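K.L.:
Quick one: structure below, then a few questions.
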Amino acid sequence: PHQLRVASTSALRVLGPKNICTPYPPTVSTRYLSSSIPSESTPNAFSGAAGGTSLAGRRRFYRQVSVCSAGNDGMYTIRLDTRLLKTPQRNCLCVPSLPLAYALAGEWDRQEEAGIRSETMPLTSLAFTAIDQITMERDIVIEECMKYLLNDTSCYPACSKSDRVLAKRQRAAWRPINSFLRSVLPSEHPPYVVEDGMLHLGSLPHPPALVDFLRAYMEAMDEYELACLRSVTREAKSLLVGVAAASASAKDIDSPLTPEEVIAASRTEEEFQIENWGLVEGGHDLDRLNCSVQVRASMMFLNLLGKN
């Protein structure tokens, strides 16, 4: 496994309006950093785009990584030697946050000479996805996330009598999520939660006002925020967990909701099954790592997105 670390500040520079390089010490919190990166399971946004250029597997073709202004609109981009970094669809990689740009540059600076490993660059993958996919398919992405609400895993508690151990773990894992969501969702229209011991078939009958609120919440997001929300929603199989993670990350760094709590809420049932039936190597372990990387990267991306 590779350590996810921000590059040395000596390798990062800002190009000013007159191309004068000045050092900038990026301050990225280790709160969101995972201890390891899975080698195969992280979604790859570096290749497969029609007409795009595949970067995954290429030998490192640059020596210096720098961050520079992309114009007068507050956007920043990455420069590899003298070339601007482009996405697989040949769009310029631009982000509206200088700290985020340095975090992206750090991923590129950490690549080894033997080859570029896209699975060790989750922040760049999110940026590529936002620029190449979300901007072109916003409505499709929003509908995809809304479908998770219809069968949101956080709304199906285990029976406190027949599955009391799992039910207890669910309550402990979901408590910080539910507590935070009370400050985000409309209090008069809470999500529908299946009653204890009841079997519910079909879509969950959430209040229409809540459905409209969540749809408007996503429509107000930019492409970067929506890419991160979708990433967490997919891992948790829950739009509510995704909204909690996105809202917490957009706030101050000392938000009461941590990446560890989001990961725990996303994996309660699977971790319970692993304890009972054992871990399948090459399957469960990679799923566990992938969830950790995607949640931490998404929350870190959103937090840095709000800083400048």
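Scheme for the structure tokens: letters A, B, ... for chains in order shown; per-chain residue numbers from 1; ligand numbers from 1 in order shown.
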Apply DSSP to the structure's backbone, then extract all residues of region 43-283 of chain A labelled strand (DSSP E or B) and return them as a list of chain:residue names.
P.N.:
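Strand (DSSP E or B) members of region 43-283 of chain A, listed: A:Val65, A:Ser66, A:Val67, A:Cys68, A:Ser69, A:Tyr76, A:Thr77, A:Ile78, A:Arg79, A:Leu80, A:Arg83, A:Leu84, A:Lys86, A:Cys92, A:Cys94, A:Val95, A:Glu112, A:Gly115.
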K.L.:
Let's have the selection written as a short mmCIF file (atom, residue, chain, number, x, y, z; two decimals), in the first residue's frame, with N, CA and C atoms.
P.N.:
data_model
loop_
_atom_site.label_atom_id
_atom_site.label_comp_id
_atom_site.auth_asym_id
_atom_site.auth_seq_id
_atom_site.Cartn_x
_atom_site.Cartn_y
_atom_site.Cartn_z
N VAL A 65 6.32 19.92 -10.53
CA VAL A 65 4.88 20.18 -10.45
C VAL A 65 4.69 21.55 -9.82
N SER A 66 3.86 22.37 -10.46
CA SER A 66 3.62 23.71 -9.93
C SER A 66 2.15 24.05 -10.05
N VAL A 67 1.73 25.04 -9.28
CA VAL A 67 0.36 25.54 -9.29
C VAL A 67 0.38 26.96 -9.83
N CYS A 68 -0.54 27.28 -10.73
CA CYS A 68 -0.56 28.62 -11.30
C CYS A 68 -1.99 29.10 -11.47
N SER A 69 -2.14 30.38 -11.58
CA SER A 69 -3.46 30.97 -11.78
C SER A 69 -3.95 30.65 -13.18
N TYR A 76 -7.53 28.00 -10.39
CA TYR A 76 -6.12 27.59 -10.36
C TYR A 76 -5.96 26.26 -11.09
N THR A 77 -4.81 26.09 -11.68
CA THR A 77 -4.54 24.88 -12.43
C THR A 77 -3.17 24.32 -12.08
N ILE A 78 -2.85 23.15 -12.61
CA ILE A 78 -1.60 22.46 -12.32
C ILE A 78 -0.73 22.49 -13.57
N ARG A 79 0.55 22.74 -13.37
CA ARG A 79 1.49 22.72 -14.47
C ARG A 79 2.52 21.62 -14.22
N LEU A 80 2.68 20.75 -15.21
CA LEU A 80 3.69 19.71 -15.18
C LEU A 80 4.84 20.18 -16.07
N ARG A 83 3.85 22.28 -19.16
CA ARG A 83 2.56 21.93 -19.76
C ARG A 83 1.44 21.97 -18.73
N LEU A 84 0.29 22.53 -19.12
CA LEU A 84 -0.86 22.54 -18.24
C LEU A 84 -1.49 21.16 -18.19
N LYS A 86 -4.22 18.45 -18.23
CA LYS A 86 -5.55 18.33 -18.83
C LYS A 86 -6.22 17.03 -18.38
N CYS A 92 -8.99 21.59 -19.48
CA CYS A 92 -8.00 22.06 -18.53
C CYS A 92 -8.48 21.76 -17.12
N CYS A 94 -9.01 22.76 -13.75
CA CYS A 94 -9.05 24.01 -13.00
C CYS A 94 -9.94 23.83 -11.78
N VAL A 95 -9.51 24.38 -10.65
CA VAL A 95 -10.30 24.33 -9.42
C VAL A 95 -10.34 25.72 -8.81
N GLU A 112 5.88 8.10 -8.87
CA GLU A 112 7.23 7.60 -9.04
C GLU A 112 7.60 7.52 -10.51
N GLY A 115 6.01 4.77 -13.06
CA GLY A 115 4.70 4.90 -13.70
C GLY A 115 3.71 5.68 -12.85
#
K.L.:
Per residue of region 210-271 of chain A within 10 Å of region 275-296 of chain A, which atom pair is closest and at what distance in Å (one decimal), using only C-alpha atoms, listed by chain and increasing number, as JSON lines?
P.N.:
{"residue": "A:Cys228", "atom": "CA", "partner": "A:Val295", "partner_atom": "CA", "distance": 8.5}
{"residue": "A:Leu229", "atom": "CA", "partner": "A:Val295", "partner_atom": "CA", "distance": 9.4}
{"residue": "A:Ser231", "atom": "CA", "partner": "A:Gln294", "partner_atom": "CA", "distance": 6.6}
{"residue": "A:Val232", "atom": "CA", "partner": "A:Val295", "partner_atom": "CA", "distance": 5.6}
{"residue": "A:Thr233", "atom": "CA", "partner": "A:Val295", "partner_atom": "CA", "distance": 9.2}
{"residue": "A:Arg234", "atom": "CA", "partner": "A:Cys291", "partner_atom": "CA", "distance": 9.4}
{"residue": "A:Glu235", "atom": "CA", "partner": "A:Cys291", "partner_atom": "CA", "distance": 5.9}
{"residue": "A:Ala236", "atom": "CA", "partner": "A:Cys291", "partner_atom": "CA", "distance": 8.2}
{"residue": "A:Gly242", "atom": "CA", "partner": "A:Val295", "partner_atom": "CA", "distance": 9.2}
{"residue": "A:Ala245", "atom": "CA", "partner": "A:Val295", "partner_atom": "CA", "distance": 8.3}
{"residue": "A:Ala246", "atom": "CA", "partner": "A:Val295", "partner_atom": "CA", "distance": 10.0}
{"residue": "A:Thr258", "atom": "CA", "partner": "A:Arg296", "partner_atom": "CA", "distance": 9.2}
{"residue": "A:Pro259", "atom": "CA", "partner": "A:Arg296", "partner_atom": "CA", "distance": 5.8}
{"residue": "A:Glu260", "atom": "CA", "partner": "A:Ser292", "partner_atom": "CA", "distance": 8.2}
{"residue": "A:Val262", "atom": "CA", "partner": "A:Val295", "partner_atom": "CA", "distance": 7.4}
{"residue": "A:Ile263", "atom": "CA", "partner": "A:Ser292", "partner_atom": "CA", "distance": 6.3}
{"residue": "A:Ala264", "atom": "CA", "partner": "A:Ser292", "partner_atom": "CA", "distance": 9.4}
{"residue": "A:Ser266", "atom": "CA", "partner": "A:Cys291", "partner_atom": "CA", "distance": 8.1}
{"residue": "A:Arg267", "atom": "CA", "partner": "A:Arg288", "partner_atom": "CA", "distance": 8.0}
{"residue": "A:Glu270", "atom": "CA", "partner": "A:His284", "partner_atom": "CA", "distance": 8.5}
{"residue": "A:Glu271", "atom": "CA", "partner": "A:Glu275", "partner_atom": "CA", "distance": 6.3}
K.L.:
With N, CA, C and O atoms retained, write the just-selected residues as a PDB file, in the first residue's frame.
P.N.:
ATOM      1  N   CYS A 228     -18.329  14.840  -5.334  1.00  0.00           N
ATOM      2  CA  CYS A 228     -17.996  14.305  -4.015  1.00  0.00           C
ATOM      3  C   CYS A 228     -19.223  13.705  -3.336  1.00  0.00           C
ATOM      4  O   CYS A 228     -19.131  12.642  -2.695  1.00  0.00           O
ATOM      5  N   LEU A 229     -20.364  14.368  -3.462  1.00  0.00           N
ATOM      6  CA  LEU A 229     -21.594  13.830  -2.885  1.00  0.00           C
ATOM      7  C   LEU A 229     -21.918  12.469  -3.486  1.00  0.00           C
ATOM      8  O   LEU A 229     -22.265  11.518  -2.766  1.00  0.00           O
ATOM      9  N   SER A 231     -19.884  10.329  -4.816  1.00  0.00           N
ATOM     10  CA  SER A 231     -18.892   9.349  -4.393  1.00  0.00           C
ATOM     11  C   SER A 231     -19.238   8.756  -3.036  1.00  0.00           C
ATOM     12  O   SER A 231     -19.217   7.534  -2.859  1.00  0.00           O
ATOM     13  N   VAL A 232     -19.594   9.601  -2.059  1.00  0.00           N
ATOM     14  CA  VAL A 232     -19.952   9.111  -0.731  1.00  0.00           C
ATOM     15  C   VAL A 232     -21.276   8.362  -0.770  1.00  0.00           C
ATOM     16  O   VAL A 232     -21.447   7.320  -0.127  1.00  0.00           O
ATOM     17  N   THR A 233     -22.233   8.871  -1.543  1.00  0.00           N
ATOM     18  CA  THR A 233     -23.540   8.218  -1.647  1.00  0.00           C
ATOM     19  C   THR A 233     -23.399   6.807  -2.185  1.00  0.00           C
ATOM     20  O   THR A 233     -24.044   5.866  -1.700  1.00  0.00           O
ATOM     21  N   ARG A 234     -22.561   6.617  -3.179  1.00  0.00           N
ATOM     22  CA  ARG A 234     -22.345   5.289  -3.748  1.00  0.00           C
ATOM     23  C   ARG A 234     -21.729   4.350  -2.722  1.00  0.00           C
ATOM     24  O   ARG A 234     -22.110   3.176  -2.642  1.00  0.00           O
ATOM     25  N   GLU A 235     -20.752   4.840  -1.969  1.00  0.00           N
ATOM     26  CA  GLU A 235     -20.086   3.985  -0.988  1.00  0.00           C
ATOM     27  C   GLU A 235     -21.031   3.597   0.147  1.00  0.00           C
ATOM     28  O   GLU A 235     -21.010   2.465   0.617  1.00  0.00           O
ATOM     29  N   ALA A 236     -21.847   4.548   0.595  1.00  0.00           N
ATOM     30  CA  ALA A 236     -22.742   4.311   1.724  1.00  0.00           C
ATOM     31  C   ALA A 236     -24.062   3.680   1.307  1.00  0.00           C
ATOM     32  O   ALA A 236     -24.807   3.206   2.170  1.00  0.00           O
ATOM     33  N   GLY A 242     -24.589  10.632   2.394  1.00  0.00           N
ATOM     34  CA  GLY A 242     -23.850  11.495   1.482  1.00  0.00           C
ATOM     35  C   GLY A 242     -24.098  12.970   1.765  1.00  0.00           C
ATOM     36  O   GLY A 242     -23.160  13.776   1.762  1.00  0.00           O
ATOM     37  N   ALA A 245     -22.249  13.948   4.985  1.00  0.00           N
ATOM     38  CA  ALA A 245     -20.806  14.096   4.761  1.00  0.00           C
ATOM     39  C   ALA A 245     -20.501  15.376   4.003  1.00  0.00           C
ATOM     40  O   ALA A 245     -19.552  16.102   4.334  1.00  0.00           O
ATOM     41  N   ALA A 246     -21.293  15.674   2.959  1.00  0.00           N
ATOM     42  CA  ALA A 246     -21.054  16.873   2.153  1.00  0.00           C
ATOM     43  C   ALA A 246     -21.292  18.139   2.965  1.00  0.00           C
ATOM     44  O   ALA A 246     -20.521  19.099   2.885  1.00  0.00           O
ATOM     45  N   THR A 258     -17.023  13.327  11.604  1.00  0.00           N
ATOM     46  CA  THR A 258     -15.688  12.983  11.121  1.00  0.00           C
ATOM     47  C   THR A 258     -15.760  11.951   9.998  1.00  0.00           C
ATOM     48  O   THR A 258     -16.768  11.245   9.858  1.00  0.00           O
ATOM     49  N   PRO A 259     -14.702  11.809   9.201  1.00  0.00           N
ATOM     50  CA  PRO A 259     -14.674  10.764   8.170  1.00  0.00           C
ATOM     51  C   PRO A 259     -14.829   9.372   8.753  1.00  0.00           C
ATOM     52  O   PRO A 259     -15.472   8.511   8.144  1.00  0.00           O
ATOM     53  N   GLU A 260     -14.267   9.136   9.938  1.00  0.00           N
ATOM     54  CA  GLU A 260     -14.398   7.822  10.567  1.00  0.00           C
ATOM     55  C   GLU A 260     -15.856   7.489  10.854  1.00  0.00           C
ATOM     56  O   GLU A 260     -16.282   6.333  10.691  1.00  0.00           O
ATOM     57  N   VAL A 262     -18.485   8.669   9.200  1.00  0.00           N
ATOM     58  CA  VAL A 262     -19.153   8.423   7.920  1.00  0.00           C
ATOM     59  C   VAL A 262     -18.818   7.018   7.408  1.00  0.00           C
ATOM     60  O   VAL A 262     -19.689   6.290   6.921  1.00  0.00           O
ATOM     61  N   ILE A 263     -17.568   6.612   7.531  1.00  0.00           N
ATOM     62  CA  ILE A 263     -17.151   5.278   7.097  1.00  0.00           C
ATOM     63  C   ILE A 263     -17.866   4.212   7.921  1.00  0.00           C
ATOM     64  O   ILE A 263     -18.351   3.202   7.388  1.00  0.00           O
ATOM     65  N   ALA A 264     -17.943   4.416   9.228  1.00  0.00           N
ATOM     66  CA  ALA A 264     -18.615   3.445  10.101  1.00  0.00           C
ATOM     67  C   ALA A 264     -20.096   3.296   9.732  1.00  0.00           C
ATOM     68  O   ALA A 264     -20.639   2.188   9.692  1.00  0.00           O
ATOM     69  N   SER A 266     -21.325   3.785   6.840  1.00  0.00           N
ATOM     70  CA  SER A 266     -21.412   3.209   5.500  1.00  0.00           C
ATOM     71  C   SER A 266     -21.188   1.708   5.487  1.00  0.00           C
ATOM     72  O   SER A 266     -21.615   1.025   4.550  1.00  0.00           O
ATOM     73  N   ARG A 267     -20.523   1.176   6.502  1.00  0.00           N
ATOM     74  CA  ARG A 267     -20.082  -0.215   6.457  1.00  0.00           C
ATOM     75  C   ARG A 267     -20.582  -1.050   7.637  1.00  0.00           C
ATOM     76  O   ARG A 267     -20.065  -2.146   7.886  1.00  0.00           O
ATOM     77  N   GLU A 270     -21.911  -4.664   6.502  1.00  0.00           N
ATOM     78  CA  GLU A 270     -20.885  -5.528   5.920  1.00  0.00           C
ATOM     79  C   GLU A 270     -19.841  -5.933   6.957  1.00  0.00           C
ATOM     80  O   GLU A 270     -19.394  -7.087   6.975  1.00  0.00           O
ATOM     81  N   GLU A 271     -19.450  -5.010   7.825  1.00  0.00           N
ATOM     82  CA  GLU A 271     -18.487  -5.353   8.870  1.00  0.00           C
ATOM     83  C   GLU A 271     -19.087  -6.375   9.832  1.00  0.00           C
ATOM     84  O   GLU A 271     -18.376  -7.271  10.326  1.00  0.00           O
TER      85      GLU A 271
END
K.L.:
Between A:Leu93, A:Met218, A:Ala209, A:Ala250, which residue has the minimum interatomic distance to Ile131 (chain A), considering only C-alpha atoms?
P.N.:
A:Leu93
K.L.:
Would you please work out which residue, of A:Leu305, A:Leu240, A:Leu98, A:Ala220, is nearest to Cys155 (chain A) when using only C-alpha atoms?
P.N.:
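The answer is A:Leu240, which sits nearest to Cys155 (chain A).
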K.L.:
As a ChimeraX atom specification, which residues of region 179-302 of chain A does DSSP assign to alpha helix (DSSP H)?
P.N.:
/A:179-181,208-219,223-236,239-249,259-266,268-277,284-302
K.L.:
Looking at A:Arg169, A:Arg182, A:Arg175, A:Arg230, which one is nearest to Glu269 (chain A), with distances taken over only C-alpha atoms?
P.N.:
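Nearest to Glu269 (chain A): A:Arg169.
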K.L.:
Mind pulling up the distance from CA of Met121 (chain A) to CA of Leu104 (chain A)?
P.N.:
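Spanning CA of Leu104 (chain A) to CA of Met121 (chain A) is a straight-line distance of 8.0 Å.
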K.L.:
Restricting the calculation to only C-alpha atoms, which member of A:Val194, A:Ala172, A:Leu239, A:Ile142 is positioned closest to Ala216 (chain A)?
P.N.:
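Closest to Ala216 (chain A), using only C-alpha atoms: A:Ile142.
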K.L.:
With distances taken over only C-alpha atoms, which residue among A:Ser238, A:Asp152, A:Leu226, A:Asp163 lies nearest Gly202 (chain A)?
P.N.:
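Of all the options, A:Asp152 lies closest to Gly202 (chain A).
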K.L.:
Do you have the CA of Ile177 (chain A)-CA of Pro190 (chain A) distance handy?
P.N.:
13.5 Å
K.L.:
Quick one: distance from CA of Arg58 (chain A) to CA of Arg117 (chain A) in Å, one decimal?
P.N.:
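About the pair CA of Arg58 (chain A) and CA of Arg117 (chain A): they are 8.3 Å apart.
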